[in-house]
file structure.txt (compact mmCIF, C-alpha atoms and all ligand atoms)
# COMPACT_ATOMS: atom_id res chain seq x y z
CA MET P 1019 59.36 22.00 -66.72
CA ALA P 1020 59.68 19.91 -69.87
CA GLN P 1021 63.00 18.19 -70.36
CA VAL P 1022 64.53 18.98 -73.71
CA LEU P 1023 67.58 16.81 -73.59
CA ASP P 1024 69.95 17.49 -76.40
CA LEU P 1025 71.73 14.20 -76.75
CA GLN P 1026 74.36 15.42 -79.19
CA GLY P 1027 77.59 14.01 -77.84
CA ALA P 1028 75.92 13.13 -74.59
CA PRO P 1029 75.65 9.51 -73.53
CA GLY P 1030 78.36 7.06 -74.43
CA PRO P 1031 77.63 3.79 -76.17
CA GLN P 1032 76.22 2.11 -73.09
CA ALA P 1033 75.07 5.10 -71.09
CA SER P 1034 71.42 5.87 -70.83
CA VAL P 1035 69.54 8.97 -69.94
CA GLY P 1036 67.76 7.23 -67.12
CA ILE P 1037 66.10 8.53 -63.99
CA GLY P 1038 69.30 10.22 -62.94
CA GLY P 1039 69.86 11.86 -66.31
CA PRO P 1040 73.12 11.79 -68.23
CA TYR P 1041 75.84 10.18 -66.10
CA TYR P 1042 78.64 12.50 -65.01
CA LEU P 1043 81.37 11.74 -62.50
CA PRO P 1044 82.79 15.01 -61.18
CA GLN P 1045 86.55 15.63 -61.40
CA GLY P 1046 86.39 18.27 -58.69
CA ARG P 1047 84.00 21.06 -57.82
CA GLU P 1048 82.77 21.72 -61.34
CA ARG P 1049 79.14 20.87 -60.60
CA GLU P 1050 79.09 23.23 -57.65
CA LEU P 1051 80.69 26.01 -59.68
CA PHE P 1052 78.25 25.41 -62.54
CA GLU P 1053 75.28 25.65 -60.21
CA LEU P 1054 76.63 28.76 -58.50
CA ALA P 1055 77.17 30.39 -61.88
CA TRP P 1056 73.58 29.58 -62.83
CA ARG P 1057 72.12 30.79 -59.53
CA ASN P 1058 74.03 34.03 -59.85
CA ARG P 1059 73.10 34.53 -63.52
CA LEU P 1060 76.70 34.36 -64.69
CA PRO P 1061 77.79 32.86 -68.00
CA LEU P 1062 80.33 30.05 -67.96
CA LEU P 1063 83.25 29.13 -70.20
CA LEU P 1064 84.50 25.52 -70.15
CA LYS P 1065 87.96 24.76 -71.45
CA GLY P 1066 89.59 21.40 -71.97
CA PRO P 1067 90.94 18.85 -74.41
CA THR P 1068 88.65 16.88 -76.70
CA GLY P 1069 86.65 14.10 -75.07
CA CYS P 1070 87.30 15.14 -71.47
CA GLY P 1071 83.65 15.58 -70.47
CA LYS P 1072 82.66 19.19 -71.27
CA THR P 1073 79.54 18.36 -73.23
CA ARG P 1074 78.56 15.66 -70.76
CA LEU P 1075 78.90 18.07 -67.84
CA VAL P 1076 76.54 20.52 -69.53
CA ALA P 1077 73.98 17.82 -70.35
CA HIS P 1078 74.19 16.51 -66.80
CA MET P 1079 73.79 19.93 -65.21
CA ALA P 1080 70.89 20.87 -67.49
CA TYR P 1081 69.15 17.73 -66.30
CA ARG P 1082 69.98 18.34 -62.63
CA LEU P 1083 68.77 21.92 -62.77
CA GLY P 1084 65.68 20.94 -64.77
CA LEU P 1085 66.52 23.27 -67.64
CA PRO P 1086 65.96 22.83 -71.37
CA LEU P 1087 69.26 22.65 -73.23
CA HIS P 1088 69.99 24.01 -76.69
CA THR P 1089 73.39 23.11 -78.11
CA VAL P 1090 75.04 24.77 -81.07
CA ALA P 1091 78.28 23.55 -82.62
CA CYS P 1092 80.03 26.71 -83.77
CA HIS P 1093 81.91 26.97 -87.07
CA ASP P 1094 83.16 29.84 -89.17
CA ASP P 1095 80.11 29.80 -91.45
CA LEU P 1096 77.74 30.24 -88.56
CA ALA P 1097 75.80 33.46 -88.98
CA ALA P 1098 74.27 35.48 -86.19
CA ALA P 1099 70.84 34.53 -87.59
CA ASP P 1100 71.66 30.84 -87.04
CA LEU P 1101 71.64 31.67 -83.34
CA THR P 1102 68.94 34.29 -83.15
CA GLY P 1103 66.48 33.21 -85.85
CA ARG P 1104 65.17 34.22 -89.23
CA TRP P 1105 62.04 34.96 -91.22
CA LEU P 1106 60.94 31.94 -93.22
CA LEU P 1107 58.49 31.67 -96.08
CA LYS P 1108 55.68 29.27 -95.19
CA GLY P 1109 52.68 28.84 -97.46
CA GLY P 1110 52.99 32.37 -98.84
CA GLU P 1111 53.44 33.91 -95.43
CA THR P 1112 56.57 34.99 -93.69
CA VAL P 1113 56.88 33.54 -90.22
CA TRP P 1114 59.56 34.15 -87.69
CA ALA P 1115 61.52 31.08 -86.52
CA ASP P 1116 63.54 31.42 -83.33
CA GLY P 1117 67.12 30.22 -83.42
CA PRO P 1118 68.50 28.12 -80.56
CA LEU P 1119 69.83 31.09 -78.60
CA THR P 1120 66.52 32.91 -78.78
CA ARG P 1121 64.64 29.76 -77.80
CA ALA P 1122 66.88 29.26 -74.78
CA VAL P 1123 66.34 32.89 -73.74
CA ARG P 1124 62.55 32.67 -74.15
CA GLU P 1125 62.37 29.36 -72.26
CA GLY P 1126 64.84 30.37 -69.60
CA GLY P 1127 67.07 27.41 -70.39
CA ILE P 1128 70.70 26.77 -71.16
CA CYS P 1129 72.24 27.72 -74.50
CA TYR P 1130 75.50 25.82 -75.00
CA LEU P 1131 77.86 27.03 -77.72
CA ASP P 1132 80.44 24.38 -78.41
CA GLU P 1133 83.83 25.36 -79.93
CA VAL P 1134 82.94 29.01 -79.58
CA VAL P 1135 86.36 30.17 -80.84
CA GLU P 1136 85.31 28.91 -84.27
CA ALA P 1137 82.52 31.46 -84.41
CA ARG P 1138 83.05 34.72 -86.27
CA LYS P 1139 83.51 37.92 -84.33
CA ASP P 1140 80.09 39.24 -85.42
CA VAL P 1141 78.53 36.16 -83.84
CA THR P 1142 80.36 36.53 -80.55
CA VAL P 1143 79.40 40.19 -80.41
CA ILE P 1144 75.67 39.33 -80.24
CA LEU P 1145 76.50 37.55 -76.99
CA HIS P 1146 77.78 40.70 -75.33
CA PRO P 1147 74.52 42.27 -74.14
CA LEU P 1148 73.44 38.84 -72.91
CA THR P 1149 76.59 38.23 -70.93
CA ASP P 1150 76.86 41.39 -68.92
CA ASP P 1151 74.41 42.70 -66.38
CA ARG P 1152 71.93 43.78 -69.05
CA ARG P 1153 71.11 40.15 -69.94
CA VAL P 1154 69.18 41.13 -73.03
CA LEU P 1155 69.03 39.75 -76.54
CA PRO P 1156 68.16 42.38 -79.15
CA LEU P 1157 66.43 40.85 -82.17
CA GLU P 1158 66.96 43.46 -84.83
CA ARG P 1159 64.90 41.61 -87.40
CA THR P 1160 61.75 41.51 -85.30
CA GLY P 1161 62.41 44.66 -83.32
CA GLU P 1162 62.18 42.75 -80.05
CA LEU P 1163 64.41 43.22 -77.05
CA LEU P 1164 64.26 40.00 -75.08
CA LYS P 1165 65.11 40.17 -71.41
CA ALA P 1166 66.61 36.88 -70.29
CA PRO P 1167 64.74 35.29 -67.38
CA ASP P 1168 66.79 34.51 -64.27
CA SER P 1169 67.00 30.85 -65.19
CA PHE P 1170 68.65 31.50 -68.56
CA MET P 1171 72.33 30.53 -68.74
CA LEU P 1172 74.88 30.79 -71.49
CA VAL P 1173 77.64 28.18 -71.51
CA VAL P 1174 80.43 28.14 -74.06
CA SER P 1175 83.32 25.76 -74.49
CA TYR P 1176 86.46 25.39 -76.50
CA ASN P 1177 89.60 23.36 -76.69
CA PRO P 1178 92.67 25.50 -75.96
CA GLY P 1179 94.82 22.87 -77.73
CA TYR P 1180 93.50 23.82 -81.16
CA GLN P 1181 93.62 27.48 -80.53
CA ASN P 1182 95.68 29.72 -82.72
CA ILE P 1183 96.21 33.42 -82.46
CA LEU P 1184 93.60 34.18 -85.12
CA LYS P 1185 91.06 32.05 -83.36
CA SER P 1186 90.97 33.21 -79.83
CA LEU P 1187 88.21 35.02 -78.06
CA LYS P 1188 88.55 38.75 -77.74
CA PRO P 1189 89.31 39.79 -74.16
CA SER P 1190 86.07 41.76 -74.16
CA THR P 1191 84.24 38.49 -74.87
CA ARG P 1192 86.14 36.10 -72.64
CA GLN P 1193 86.11 38.43 -69.67
CA ARG P 1194 82.34 38.22 -69.64
CA PHE P 1195 82.48 34.56 -68.55
CA LEU P 1196 83.42 32.66 -65.45
CA ALA P 1197 85.87 30.05 -66.63
CA LEU P 1198 86.57 26.49 -65.65
CA GLU P 1199 89.24 24.21 -66.98
CA LEU P 1200 88.58 20.48 -67.24
CA ASP P 1201 91.32 17.98 -67.92
CA PHE P 1202 91.27 14.21 -68.26
CA PRO P 1203 89.98 12.63 -65.06
CA ARG P 1204 92.38 11.12 -62.53
CA PRO P 1205 93.10 7.41 -63.22
CA ASP P 1206 90.77 6.10 -60.50
CA GLN P 1207 87.98 8.36 -61.75
CA GLU P 1208 88.64 7.50 -65.35
CA ILE P 1209 88.40 3.76 -64.58
CA THR P 1210 85.01 4.36 -62.97
CA ILE P 1211 83.82 6.44 -65.92
CA VAL P 1212 85.01 4.08 -68.65
CA ALA P 1213 83.62 1.06 -66.81
CA ALA P 1214 80.25 2.78 -66.34
CA GLU P 1215 80.06 3.97 -69.94
CA SER P 1216 81.22 0.77 -71.62
CA GLY P 1217 79.96 -1.88 -69.24
CA LEU P 1218 83.44 -3.44 -69.18
CA ALA P 1219 84.55 -4.59 -65.72
CA ALA P 1220 86.80 -2.15 -63.86
CA GLU P 1221 89.70 -4.58 -63.66
CA ARG P 1222 89.67 -4.87 -67.44
CA VAL P 1223 89.44 -1.11 -67.83
CA ARG P 1224 92.43 -0.44 -65.56
CA PRO P 1225 95.11 -1.47 -68.12
CA LEU P 1226 93.46 0.81 -70.71
CA VAL P 1227 93.60 3.76 -68.35
CA ASN P 1228 97.23 2.93 -67.50
CA LEU P 1229 97.98 2.90 -71.21
CA ALA P 1230 96.26 6.27 -71.60
CA THR P 1231 98.30 7.72 -68.75
CA ARG P 1232 101.50 6.62 -70.50
CA LEU P 1233 100.33 7.94 -73.86
CA ARG P 1234 99.47 11.29 -72.29
CA GLN P 1235 102.91 11.57 -70.75
CA LEU P 1236 104.54 10.89 -74.07
CA LYS P 1237 106.17 14.05 -75.29
CA GLY P 1238 108.09 12.65 -78.26
CA VAL P 1239 105.10 11.33 -80.22
CA ASP P 1240 103.72 13.70 -82.75
CA LEU P 1241 100.09 13.88 -81.75
CA GLU P 1242 97.95 16.95 -81.99
CA GLU P 1243 96.11 15.74 -78.94
CA SER P 1244 96.47 12.63 -76.81
CA VAL P 1245 94.00 9.86 -76.17
CA SER P 1246 90.71 11.07 -74.70
CA THR P 1247 88.34 9.52 -72.20
CA ARG P 1248 85.96 9.23 -75.15
CA LEU P 1249 88.39 6.97 -77.04
CA LEU P 1250 88.90 4.82 -73.97
CA VAL P 1251 85.14 4.36 -73.80
CA TYR P 1252 85.13 3.35 -77.47
CA ALA P 1253 87.95 0.84 -77.03
CA ALA P 1254 86.36 -0.60 -73.89
CA THR P 1255 83.02 -0.89 -75.69
CA LEU P 1256 84.64 -2.94 -78.46
CA ILE P 1257 86.39 -5.17 -75.93
CA ARG P 1258 83.18 -5.70 -74.06
CA ALA P 1259 81.47 -6.60 -77.32
CA GLY P 1260 84.01 -9.38 -77.74
CA LEU P 1261 86.52 -7.92 -80.19
CA PRO P 1262 90.07 -9.17 -79.55
CA LEU P 1263 92.12 -6.69 -77.55
CA GLU P 1264 94.53 -5.86 -80.33
CA ALA P 1265 91.79 -5.10 -82.86
CA ALA P 1266 89.87 -3.04 -80.30
CA LEU P 1267 92.91 -0.91 -79.50
CA GLU P 1268 93.75 -0.49 -83.15
CA ALA P 1269 90.28 0.79 -84.05
CA GLY P 1270 89.61 2.52 -80.73
CA ILE P 1271 92.94 4.17 -80.04
CA VAL P 1272 95.73 3.89 -82.62
CA GLU P 1273 93.83 4.77 -85.81
CA PRO P 1274 91.74 7.60 -84.33
CA LEU P 1275 94.88 9.27 -82.95
CA THR P 1276 96.93 9.61 -86.12
CA ASP P 1277 97.32 9.04 -89.87
CA ASP P 1278 101.09 9.02 -89.71
CA ALA P 1279 102.55 5.52 -90.29
CA ASP P 1280 105.61 6.13 -88.07
CA VAL P 1281 103.54 7.51 -85.25
CA LYS P 1282 101.18 4.53 -85.52
CA ARG P 1283 104.12 2.16 -85.24
CA GLY P 1284 105.28 3.96 -82.12
CA LEU P 1285 101.79 3.82 -80.63
CA ARG P 1286 101.45 0.09 -81.34
CA GLU P 1287 104.76 -0.58 -79.62
CA LEU P 1288 103.60 1.28 -76.61
CA VAL P 1289 100.27 -0.55 -76.62
CA ARG P 1290 102.08 -3.89 -76.81
CA ALA P 1291 104.57 -2.94 -74.15
CA SER P 1292 101.91 -1.89 -71.69
CA LEU P 1293 99.22 -4.47 -72.42
CA GLY P 1294 101.35 -7.45 -73.41
N1 LIG E 1 83.29 13.02 -65.93
C1 LIG E 1 82.67 12.20 -66.78
N2 LIG E 1 81.59 11.50 -66.39
C2 LIG E 1 80.98 10.66 -67.26
N3 LIG E 1 81.39 10.45 -68.53
C3 LIG E 1 82.48 11.11 -68.96
C4 LIG E 1 83.16 12.03 -68.12
N4 LIG E 1 84.20 12.53 -68.81
C5 LIG E 1 84.18 11.96 -70.02
N5 LIG E 1 83.13 11.10 -70.11
C6 LIG E 1 82.89 10.22 -71.26
O1 LIG E 1 83.66 10.73 -72.33
C7 LIG E 1 82.82 11.03 -73.45
C8 LIG E 1 83.29 12.30 -74.08
O2 LIG E 1 82.93 13.40 -73.27
P1 LIG E 1 82.35 14.74 -73.90
O3 LIG E 1 81.58 14.46 -75.14
O4 LIG E 1 81.67 15.46 -72.82
O5 LIG E 1 83.72 15.45 -74.29
P2 LIG E 1 83.99 16.98 -74.68
O6 LIG E 1 84.90 17.52 -73.64
O7 LIG E 1 82.70 17.67 -74.92
O8 LIG E 1 84.82 16.79 -76.02
P3 LIG E 1 84.84 17.70 -77.36
O9 LIG E 1 85.72 18.88 -77.04
O10 LIG E 1 85.48 16.79 -78.37
O11 LIG E 1 83.43 18.05 -77.69
C9 LIG E 1 81.42 11.09 -72.91
O12 LIG E 1 80.51 10.70 -73.89
C10 LIG E 1 81.46 10.12 -71.76
O13 LIG E 1 81.32 8.81 -72.23
MG MG E 2 81.80 18.36 -76.67
call {"tool": "encode", "arguments": {"input": "structure.txt", "output": "structure tokens", "more": "lines below"}}
Ligand SMILES: Nc1ncnc2c1ncn2[C@@H]1O[C@H](COP(=O)(O)OP(=O)(O)OP(=O)(O)O)[C@@H](O)[C@H]1O
Ligand SMILES: [Mg+2]
result
Amino acid sequence: MAQVLDLQGAPGPQASVGIGGPYYLPQGRERELFELAWRNRLPLLLKGPTGCGKTRLVAHMAYRLGLPLHTVACHDDLAAADLTGRWLLKGGETVWADGPLTRAVREGGICYLDEVVEARKDVTVILHPLTDDRRVLPLERTGELLKAPDSFMLVVSYNPGYQNILKSLKPSTRQRFLALELDFPRPDQEITIVAAESGLAAERVRPLVNLATRLRQLKGVDLEESVSTRLLVYAATLIRAGLPLEAALEAGIVEPLTDDADVKRGLRELVRASLG
């Protein structure tokens, strides 16, 4: 089957989609659970903070399972037709153009809806017949009723940290999915990941991961979300490219985390204290 690798958010600066596909170091049994969900035709919901590996896991599993992947970043302007498709005018004729969800159903691939809580209720409702045992996608505009092949899988993700009461999934939607929570990897795993993604030697990555562990434990600092594995990869990439440590941490960690001058000061102190 043709590989349609959606690279949006997939490989880090140094990572390549080589023979093994997008690199993913498991935190636990998530690959097994993903594969079981797919084999049993069950949709999957991934939860976790920003930059913890959700998108990478999906890209990796699509590659491993040999499935085309269609990714959609959800937002509150997303219309149902953006997922299913629409009639387009082409040279005086109207032609139907499948949306990414429809394409994934027709191809029997994976449709990955990122930040699904951002989607409007009318969008999530079109997922319902696909995510219960009917596994069908009704296309009102063409009159088709597509039956999803066994290999089709719907994966959605969101970040519970940003969630507010107005933007949560309805129970009738969320209870259609198996769910898996990812967190930041354990320090030893994170060192391996950041070293692999940035090309920086593990012993030079270790202090960055130690710093991240301290930042994540920090309760007093006013951060919406703490430092992600993604930011560690960025900082390590700058260091590997030869930028002085302080400048790399400023651009790779302090500035991305906050706009608040006081919070930045606090972060810099912590950076200095833990990295010297
Ligand atoms: N387990 C992992 N194996 C390999 N790389 C990882 C892993 N976890 C995180 N990464 C690295 O962190 C980066 C960010 O991961 P990813 O884009 O998957 O985050 P995400 O959870 O989808 O975040 P967001 O919610 O912001 O979309 C990846 O590009 C990769 O470099
Ligand atoms: Mg993502």
call {"tool": "closest_atom_pairs", "arguments": {"input": "structure.txt", "of": "chain P", "to": "ligand LIG 1 (chain E)", "cutoff": "6 Å", "atoms": "only C-alpha atoms and all ligand atoms", "output": "Markdown table"}}
result
| residue | atom | partner | partner_atom | distance |
| --- | --- | --- | --- | --- |
| P:Gly1027 | CA | E:LIG1 | O3 | 4.8 |
| P:Ala1028 | CA | E:LIG1 | O12 | 5.2 |
| P:Pro1029 | CA | E:LIG1 | O12 | 5.0 |
| P:Gly1030 | CA | E:LIG1 | O13 | 4.1 |
| P:Tyr1041 | CA | E:LIG1 | C2 | 5.3 |
| P:Tyr1042 | CA | E:LIG1 | N2 | 3.4 |
| P:Leu1043 | CA | E:LIG1 | N2 | 3.9 |
| P:Pro1044 | CA | E:LIG1 | N1 | 5.2 |
| P:Pro1067 | CA | E:LIG1 | O9 | 5.8 |
| P:Thr1068 | CA | E:LIG1 | O9 | 3.6 |
| P:Gly1069 | CA | E:LIG1 | O5 | 3.3 |
| P:Cys1070 | CA | E:LIG1 | O6 | 4.0 |
| P:Gly1071 | CA | E:LIG1 | O4 | 3.1 |
| P:Lys1072 | CA | E:LIG1 | O6 | 3.7 |
| P:Thr1073 | CA | E:LIG1 | O4 | 3.6 |
| P:Arg1074 | CA | E:LIG1 | O4 | 3.7 |
| P:Asn1177 | CA | E:LIG1 | O9 | 5.9 |
| P:Ile1211 | CA | E:LIG1 | C2 | 5.3 |
| P:Glu1215 | CA | E:LIG1 | O13 | 5.5 |
| P:Thr1247 | CA | E:LIG1 | O1 | 4.8 |
| P:Arg1248 | CA | E:LIG1 | O1 | 3.9 |
call {"tool": "write_last_selection", "arguments": {"input": "structure.txt", "atoms": "C-alpha atoms", "output": "PDB file, in the coordinates of the input"}}
result
ATOM      1  CA  GLY P1027      77.590  14.010 -77.840  1.00  0.00           C
ATOM      2  CA  ALA P1028      75.920  13.130 -74.590  1.00  0.00           C
ATOM      3  CA  PRO P1029      75.650   9.510 -73.530  1.00  0.00           C
ATOM      4  CA  GLY P1030      78.360   7.060 -74.430  1.00  0.00           C
ATOM      5  CA  TYR P1041      75.840  10.180 -66.100  1.00  0.00           C
ATOM      6  CA  TYR P1042      78.640  12.500 -65.010  1.00  0.00           C
ATOM      7  CA  LEU P1043      81.370  11.740 -62.500  1.00  0.00           C
ATOM      8  CA  PRO P1044      82.790  15.010 -61.180  1.00  0.00           C
ATOM      9  CA  PRO P1067      90.940  18.850 -74.410  1.00  0.00           C
ATOM     10  CA  THR P1068      88.650  16.880 -76.700  1.00  0.00           C
ATOM     11  CA  GLY P1069      86.650  14.100 -75.070  1.00  0.00           C
ATOM     12  CA  CYS P1070      87.300  15.140 -71.470  1.00  0.00           C
ATOM     13  CA  GLY P1071      83.650  15.580 -70.470  1.00  0.00           C
ATOM     14  CA  LYS P1072      82.660  19.190 -71.270  1.00  0.00           C
ATOM     15  CA  THR P1073      79.540  18.360 -73.230  1.00  0.00           C
ATOM     16  CA  ARG P1074      78.560  15.660 -70.760  1.00  0.00           C
ATOM     17  CA  ASN P1177      89.600  23.360 -76.690  1.00  0.00           C
ATOM     18  CA  ILE P1211      83.820   6.440 -65.920  1.00  0.00           C
ATOM     19  CA  GLU P1215      80.060   3.970 -69.940  1.00  0.00           C
ATOM     20  CA  THR P1247      88.340   9.520 -72.200  1.00  0.00           C
ATOM     21  CA  ARG P1248      85.960   9.230 -75.150  1.00  0.00           C
TER      22      ARG P1248
END
call {"tool": "atom_distance", "arguments": {"input": "structure.txt", "atom1": "CA of Ser1190 (chain P)", "atom2": "CA of Val1143 (chain P)"}}
result
9.3 Å
call {"tool": "atom_distance", "arguments": {"input": "structure.txt", "atom1": "CA of Val1173 (chain P)", "atom2": "CA of Ala1055 (chain P)"}}
result
9.9 Å
call {"tool": "closest_residue", "arguments": {"input": "structure.txt", "among": "P:Gly1179, P:Arg1124, P:Leu1051, P:Lys1108", "to": "Glu1242 (chain P)", "atoms": "all atoms listed in the file"}}
result
P:Gly1179
call {"tool": "atom_distance", "arguments": {"input": "structure.txt", "atom1": "CA of Arg1121 (chain P)", "atom2": "CA of Leu1164 (chain P)"}}
result
10.6 Å
call {"tool": "residues_around", "arguments": {"input": "structure.txt", "residues": "region 1151-1158 of chain P", "least_positions_apart": "6", "cutoff": "8 Å", "atoms": "all atoms listed in the file", "output": "list in words"}}
result
Thr1102, Thr1120, Val1123, Ile1144, Leu1145, Leu1164, Lys1165 and Ala1166 of chain P
call {"tool": "closest_residue", "arguments": {"input": "structure.txt", "among": "P:Ser1216, P:Thr1255, P:Ser1175, P:Gln1193", "to": "ligand MG 2 (chain E)", "atoms": "only C-alpha atoms and all ligand atoms"}}
result
P:Ser1175
call {"tool": "residues_around", "arguments": {"input": "structure.txt", "residues": "region 1126-1140 of chain P", "least_positions_apart": "5", "cutoff": "10 Å", "atoms": "all atoms listed in the file", "output": "PyMOL selection string"}}
result
chain P and resi 1022+1056+1061-1065+1072-1073+1076-1077+1079-1080+1083-1098+1101+1118-1121+1145+1165-1178+1180-1182+1184-1188+1191
call {"tool": "closest_residue", "arguments": {"input": "structure.txt", "among": "P:Val1289, P:Ala1197, P:Ala1279, P:Leu1106", "to": "Ala1265 (chain P)", "atoms": "all atoms listed in the file"}}
result
P:Val1289
call {"tool": "closest_residue", "arguments": {"input": "structure.txt", "among": "P:Leu1200, P:Leu1148, P:Leu1054, P:Ala1291", "to": "ligand MG 2 (chain E)", "atoms": "all atoms listed in the file"}}
result
P:Leu1200
call {"tool": "closest_residue", "arguments": {"input": "structure.txt", "among": "P:Gly1110, P:Ala1099, P:Thr1149, P:Ser1246", "to": "ligand MG 2 (chain E)", "atoms": "only C-alpha atoms and all ligand atoms"}}
result
P:Ser1246
call {"tool": "axis_aligned_box", "arguments": {"input": "structure.txt", "around": "region 1146-1161 of chain P", "padding_each_side": "5 Å", "output": "JSON"}}
result
{"center_x": 69.8, "center_y": 41.4, "center_z": -76.9, "size_x": 26.0, "size_y": 16.4, "size_z": 31.0}
call {"tool": "closest_residue", "arguments": {"input": "structure.txt", "among": "P:Gln1235, P:Leu1218, P:Gln1045, P:Leu1249", "to": "Arg1204 (chain P)", "atoms": "only C-alpha atoms"}}
result
P:Gln1045
call {"tool": "residues_around", "arguments": {"input": "structure.txt", "residues": "Gly1294 (chain P)", "least_positions_apart": "5", "cutoff": "12 Å", "atoms": "all atoms listed in the file", "output": "MDAnalysis selection string"}}
result
chainID P and resid 1225:1226 1229 1263:1264 1286:1289
